[in-house]
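Dropping model-v5.txt in here (compact mmCIF, C-alpha atoms):
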```txt
# COMPACT_ATOMS: atom_id res chain seq x y z
CA MET A 7 -10.64 15.55 -7.48
CA LYS A 8 -13.35 13.06 -8.44
CA TRP A 9 -14.74 10.02 -6.70
CA TYR A 10 -17.14 7.33 -7.82
CA VAL A 11 -20.07 5.55 -6.24
CA THR A 12 -21.37 2.13 -7.29
CA THR A 13 -24.66 0.72 -6.07
CA GLU A 14 -26.57 -2.34 -7.13
CA ALA A 15 -28.82 -0.17 -9.31
CA ASN A 16 -26.23 2.31 -10.62
CA LYS A 17 -22.64 1.59 -11.57
CA TRP A 18 -19.73 4.05 -11.53
CA ILE A 19 -21.54 7.32 -10.82
CA GLU A 20 -19.07 10.21 -10.84
CA LYS A 21 -19.21 12.68 -7.93
CA ASN A 22 -17.31 15.86 -7.23
CA TYR A 23 -15.10 15.80 -4.17
CA ALA A 24 -15.56 18.83 -1.93
CA PRO A 25 -13.97 18.35 1.49
CA ASP A 26 -15.37 20.38 4.38
CA GLN A 27 -11.93 21.10 5.82
CA THR A 28 -8.57 22.13 4.49
CA ALA A 29 -5.45 20.34 5.72
CA ALA A 30 -4.72 23.32 7.99
CA ASP A 31 -8.12 22.93 9.70
CA THR A 32 -7.51 19.34 10.81
CA GLY A 33 -5.14 20.15 13.68
CA VAL A 34 -2.57 17.63 12.40
CA GLN A 35 1.00 18.77 12.98
CA ASP A 36 4.30 17.25 11.92
CA THR A 37 6.42 17.28 15.06
CA GLY A 38 9.41 15.60 13.44
CA LEU A 39 9.20 12.67 15.89
CA TYR A 40 8.97 9.17 14.48
CA ASP A 41 7.97 6.32 16.78
CA GLN A 42 7.06 3.68 14.23
CA THR A 43 7.55 2.75 10.62
CA ILE A 44 4.87 2.05 8.06
CA ASP A 45 5.35 -0.97 5.83
CA GLY A 46 2.93 0.26 3.21
CA PHE A 47 -0.60 1.18 2.32
CA GLY A 48 -3.26 -0.95 0.73
CA GLY A 49 -6.72 -2.37 0.70
CA CYS A 50 -8.35 -5.74 0.36
CA PHE A 51 -8.77 -7.75 -2.79
CA ASN A 52 -12.41 -8.80 -2.95
CA GLU A 53 -15.04 -10.07 -5.34
CA LEU A 54 -17.24 -6.96 -5.27
CA GLY A 55 -14.27 -4.75 -6.16
CA PHE A 56 -13.29 -6.93 -9.08
CA GLU A 57 -16.93 -7.23 -10.19
CA ALA A 58 -17.22 -3.43 -10.24
CA LEU A 59 -13.99 -3.12 -12.25
CA SER A 60 -15.26 -5.75 -14.67
CA GLN A 61 -18.28 -3.54 -15.51
CA LEU A 62 -15.95 -0.94 -17.05
CA PRO A 63 -14.62 -0.78 -20.58
CA PRO A 64 -11.18 -2.47 -20.67
CA GLN A 65 -9.27 0.79 -21.14
CA LYS A 66 -10.94 2.41 -18.11
CA LYS A 67 -10.42 -0.72 -16.00
CA GLU A 68 -6.71 -0.75 -16.85
CA ALA A 69 -6.41 2.96 -16.01
CA ILE A 70 -7.98 2.42 -12.59
CA LEU A 71 -5.72 -0.56 -11.87
CA ASP A 72 -2.76 1.65 -12.84
CA ASP A 73 -4.00 4.37 -10.47
CA LEU A 74 -4.30 1.84 -7.67
CA PHE A 75 -1.12 -0.20 -8.01
CA LEU A 76 1.61 1.44 -10.12
CA PRO A 77 4.50 2.18 -7.74
CA GLU A 78 5.19 5.56 -9.34
CA GLY A 79 3.04 8.49 -10.42
CA ASP A 80 0.10 10.30 -8.87
CA GLY A 81 -2.01 7.24 -8.08
CA LEU A 82 -2.52 5.55 -4.73
CA ARG A 83 0.58 3.32 -5.15
CA LEU A 84 -0.94 0.56 -3.00
CA ASN A 85 1.81 -1.83 -1.98
CA PHE A 86 0.56 -3.85 1.03
CA CYS A 87 -2.81 -5.53 0.52
CA ARG A 88 -4.97 -8.15 2.17
CA THR A 89 -6.49 -11.13 0.48
CA PRO A 90 -9.33 -12.96 2.21
CA ILE A 91 -9.15 -16.65 3.03
CA GLY A 92 -12.61 -17.65 1.84
CA ALA A 93 -15.50 -15.20 1.66
CA SER A 94 -15.32 -11.80 3.29
CA ASP A 95 -17.95 -9.16 3.83
CA TYR A 96 -17.22 -7.98 0.28
CA ALA A 97 -17.78 -11.32 -1.46
CA LEU A 98 -20.63 -11.73 -3.91
CA ASN A 99 -22.03 -14.28 -1.45
CA TRP A 100 -20.79 -16.43 1.42
CA TYR A 101 -18.53 -19.40 0.68
CA SER A 102 -15.57 -21.31 2.05
CA TYR A 103 -12.83 -23.39 0.49
CA SER A 104 -14.14 -26.38 2.40
CA PRO A 105 -17.83 -26.56 1.58
CA CYS A 106 -18.46 -30.18 2.61
CA LYS A 107 -19.60 -30.79 6.17
CA ASP A 108 -17.12 -32.62 8.39
CA ASP A 109 -14.33 -32.52 5.78
CA PHE A 110 -11.69 -32.69 8.50
CA LYS A 111 -9.01 -33.93 6.08
CA MET A 112 -9.82 -31.14 3.60
CA GLU A 113 -10.35 -33.66 0.81
CA HIS A 114 -12.82 -31.28 -0.88
CA PHE A 115 -10.76 -28.10 -0.35
CA THR A 116 -10.76 -25.87 -3.43
CA ILE A 117 -9.89 -22.28 -4.38
CA GLU A 118 -11.62 -22.69 -7.73
CA ARG A 119 -13.92 -19.74 -7.09
CA ASP A 120 -10.91 -17.43 -6.54
CA ARG A 121 -9.73 -18.23 -10.06
CA GLU A 122 -12.67 -16.20 -11.40
CA TYR A 123 -12.46 -13.11 -9.19
CA LEU A 124 -9.57 -12.82 -6.77
CA LEU A 125 -6.64 -14.31 -8.66
CA PRO A 126 -7.13 -12.15 -11.79
CA TYR A 127 -7.41 -9.09 -9.54
CA ILE A 128 -4.23 -9.99 -7.63
CA GLN A 129 -2.37 -10.83 -10.85
CA SER A 130 -3.36 -7.48 -12.36
CA ALA A 131 -2.00 -5.70 -9.29
CA ARG A 132 1.23 -7.71 -9.24
CA LYS A 133 1.74 -7.05 -12.95
CA ARG A 134 1.82 -3.35 -12.07
CA ASN A 135 3.83 -3.78 -8.90
CA PRO A 136 5.81 -7.04 -8.69
CA ARG A 137 6.96 -6.02 -5.21
CA LEU A 138 3.38 -5.86 -3.90
CA GLU A 139 3.26 -7.41 -0.45
CA MET A 140 0.19 -9.26 0.71
CA PHE A 141 -1.17 -10.88 3.79
CA ALA A 142 -4.13 -13.20 4.11
CA SER A 143 -6.74 -13.49 6.81
CA PRO A 144 -10.08 -15.24 7.14
CA TRP A 145 -13.41 -13.59 7.76
CA SER A 146 -14.81 -16.87 9.01
CA PRO A 147 -13.92 -20.54 9.29
CA PRO A 148 -16.03 -22.89 7.20
CA GLU A 149 -19.56 -22.73 8.57
CA TRP A 150 -19.62 -26.41 9.51
CA MET A 151 -16.89 -25.69 12.10
CA LYS A 152 -19.03 -23.07 13.88
CA PHE A 153 -22.00 -22.65 16.14
CA PRO A 154 -24.34 -21.58 14.82
CA ALA A 155 -23.32 -22.89 11.41
CA VAL A 156 -23.30 -19.55 9.57
CA TYR A 157 -20.58 -17.48 7.88
CA ASN A 158 -21.18 -13.97 9.15
CA TYR A 159 -21.31 -14.58 12.91
CA GLY A 160 -21.04 -17.40 15.41
CA LYS A 161 -17.96 -18.97 16.95
CA LEU A 162 -15.51 -21.67 16.05
CA ILE A 163 -16.23 -24.91 17.92
CA TRP A 164 -12.94 -25.58 19.75
CA THR A 165 -12.52 -29.32 19.42
CA PRO A 166 -9.17 -30.92 18.56
CA GLU A 167 -10.71 -32.23 15.34
CA ASN A 168 -11.92 -28.75 14.27
CA LEU A 169 -8.71 -27.01 15.29
CA ASN A 170 -6.58 -29.49 13.34
CA ALA A 171 -8.89 -29.16 10.34
CA TYR A 172 -8.75 -25.35 10.52
CA ALA A 173 -4.93 -25.44 10.66
CA LEU A 174 -4.96 -27.74 7.62
CA TYR A 175 -7.35 -25.28 5.91
CA PHE A 176 -4.67 -22.57 6.20
CA VAL A 177 -1.94 -24.90 4.97
CA LYS A 178 -4.04 -25.87 1.94
CA TYR A 179 -4.71 -22.18 1.23
CA ILE A 180 -0.99 -21.31 1.29
CA GLU A 181 -0.15 -24.30 -0.92
CA ALA A 182 -2.91 -23.48 -3.40
CA TYR A 183 -1.95 -19.81 -3.63
CA ALA A 184 1.74 -20.64 -4.00
```
Turn this file's structure into structure tokens for me.
Amino acid sequence: MKWYVTTEANKWIEKNYAPDQTAADTGVQDTGLYDQTIDGFGGCFNELGFEALSQLPPQKKEAILDDLFLPEGDGLRLNFCRTPIGASDYALNWYSYSPCKDDFKMEHFTIERDREYLLPYIQSARKRNPRLEMFASPWSPPEWMKFPAVYNYGKLIWTPENLNAYALYFVKYIEAYA
């Protein structure tokens, strides 16, 4: 088995996979009891992932997307994935769909940035698996709704105006992605 590492300086470095334990050494046993069901397995669509894929020759990129999302074969067969609402920790940089301070009516709401990175990634996955299920969640509200006004920490300021605007933010996201 092979795995790949990508850093800012070096892209797609191939490594050999050599696990320290065999399956028998893990202590995992199948008891035959089932207490829950699993809806699927997946990952998160993100800008850094799509940027890394975009560095590859088209044929290699397509092969990796096949390995990730085709519902049959020896690949991962991912079928339940997350999409971020705005920037996540794996965005190229921090952003929100509502970049204008105090835009409580979401008049400047836009997913335009997602058209470059996330939507092509999602569309490539859905082309391979039309039954792909997704869920969306935010990493952060728009920074102007928070104290301190930053993306990667801080807290939402719980005023009726902010809460209504944040609810509208989600509605606009769902409408735009529809």
- What gap, in Å, lies between CA of Asn168 in chain A and CA of Phe141 in chain A?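 Atom-to-atom, CA of Asn168 in chain A to CA of Phe141 in chain A, that is 23.3 Å.
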- Message: Using all atoms listed in the file, can you tell me which of A:Glu139, A:Glu149, A:Glu53, A:Asp80 comes closest to Cys106 in chain A?
- Response: A:Glu149
- Tyr183 in chain A: which residues within 9 Å, counting only C-alpha atoms, same-chain residues fewer than 4 positions away excluded, as a list in words?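 Here the qualifying residues turn out to be Ile117, Leu125, Lys178 and Tyr179 of chain A.
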Based on the selection just made, write C-alpha atoms of those residues as a PDB file, in the coordinates of the input.
```pdb
ATOM      1  CA  ILE A 117      -9.890 -22.280  -4.380  1.00  0.00           C
ATOM      2  CA  LEU A 125      -6.640 -14.310  -8.660  1.00  0.00           C
ATOM      3  CA  LYS A 178      -4.040 -25.870   1.940  1.00  0.00           C
ATOM      4  CA  TYR A 179      -4.710 -22.180   1.230  1.00  0.00           C
TER       5      TYR A 179
END
```
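One finds CA of Ser130 in chain A at 14.6 Å from CA of Ala58 in chain A.
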- Task: May I have the residues within 10 Å of range 10-15 of chain A as a VMD selection string, using all atoms listed in the file and disregarding those fewer than 5 positions away in the same chain?
- Result: chain A and resid 20 to 23 55 58
- Message: Considering all atoms listed in the file, can you say which of A:Ile44, A:Cys50, A:Leu98, A:Met151 comes closest to Ile128 in chain A?
- Response: A:Cys50
- Message: Restricting the calculation to all atoms listed in the file: of A:Lys111, A:Lys133, A:Gly160, A:Leu62, which residue gets closest to Ala173 in chain A?
- Response: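 The answer is A:Lys111, which sits nearest to Ala173 in chain A.
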- Just how far from CA of Tyr157 in chain A is CA of Gln61 in chain A, in Å to one decimal? 27.3 Å
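Among the candidates A:Asp108, A:Glu68, A:Glu122, A:Glu167, the residue lying nearest to Pro148 in chain A is A:Asp108 (atoms considered: all atoms listed in the file).
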Which neighbours of Glu113 in chain A fall inside 12 Å, counting only C-alpha atoms, when residues of the same chain fewer than 6 positions from it are skipped, and could you give them as an mmCIF file with C-alpha atoms, in the coordinates of the input?
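Now in around.cif:
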```cif
data_model
loop_
_atom_site.group_PDB
_atom_site.id
_atom_site.type_symbol
_atom_site.label_atom_id
_atom_site.label_comp_id
_atom_site.auth_asym_id
_atom_site.auth_seq_id
_atom_site.Cartn_x
_atom_site.Cartn_y
_atom_site.Cartn_z
ATOM 1 C CA TYR A 103 -12.830 -23.390 0.490
ATOM 2 C CA SER A 104 -14.140 -26.380 2.400
ATOM 3 C CA PRO A 105 -17.830 -26.560 1.580
ATOM 4 C CA CYS A 106 -18.460 -30.180 2.610
ATOM 5 C CA LYS A 107 -19.600 -30.790 6.170
ATOM 6 C CA ALA A 171 -8.890 -29.160 10.340
ATOM 7 C CA LEU A 174 -4.960 -27.740 7.620
ATOM 8 C CA TYR A 175 -7.350 -25.280 5.910
ATOM 9 C CA LYS A 178 -4.040 -25.870 1.940
#
```
Do you know which residues are at most 12 Å from Arg132 in chain A counting only C-alpha atoms, after dropping those on the same chain fewer than 3 positions away, and could you put them as a PDB file with C-alpha atoms, in the frame of the given file?
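See selection.pdb below for the written result:
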```
ATOM      1  CA  PHE A  51      -8.770  -7.750  -2.790  1.00  0.00           C
ATOM      2  CA  LEU A  71      -5.720  -0.560 -11.870  1.00  0.00           C
ATOM      3  CA  ASP A  72      -2.760   1.650 -12.840  1.00  0.00           C
ATOM      4  CA  LEU A  74      -4.300   1.840  -7.670  1.00  0.00           C
ATOM      5  CA  PHE A  75      -1.120  -0.200  -8.010  1.00  0.00           C
ATOM      6  CA  LEU A  76       1.610   1.440 -10.120  1.00  0.00           C
ATOM      7  CA  PRO A  77       4.500   2.180  -7.740  1.00  0.00           C
ATOM      8  CA  ARG A  83       0.580   3.320  -5.150  1.00  0.00           C
ATOM      9  CA  LEU A  84      -0.940   0.560  -3.000  1.00  0.00           C
ATOM     10  CA  ASN A  85       1.810  -1.830  -1.980  1.00  0.00           C
ATOM     11  CA  PHE A  86       0.560  -3.850   1.030  1.00  0.00           C
ATOM     12  CA  CYS A  87      -2.810  -5.530   0.520  1.00  0.00           C
ATOM     13  CA  LEU A 125      -6.640 -14.310  -8.660  1.00  0.00           C
ATOM     14  CA  PRO A 126      -7.130 -12.150 -11.790  1.00  0.00           C
ATOM     15  CA  TYR A 127      -7.410  -9.090  -9.540  1.00  0.00           C
ATOM     16  CA  ILE A 128      -4.230  -9.990  -7.630  1.00  0.00           C
ATOM     17  CA  GLN A 129      -2.370 -10.830 -10.850  1.00  0.00           C
ATOM     18  CA  ASN A 135       3.830  -3.780  -8.900  1.00  0.00           C
ATOM     19  CA  PRO A 136       5.810  -7.040  -8.690  1.00  0.00           C
ATOM     20  CA  ARG A 137       6.960  -6.020  -5.210  1.00  0.00           C
ATOM     21  CA  LEU A 138       3.380  -5.860  -3.900  1.00  0.00           C
ATOM     22  CA  GLU A 139       3.260  -7.410  -0.450  1.00  0.00           C
ATOM     23  CA  MET A 140       0.190  -9.260   0.710  1.00  0.00           C
TER      24      MET A 140
END
```
- Message: Would you pick out the contacts of Pro144 in chain A at 7 Å or less, using only C-alpha atoms, so that residues sharing its chain but fewer than 3 positions from it are not included, and give the list as a PyMOL selection string?
- Response: chain A and resi 90-92+147
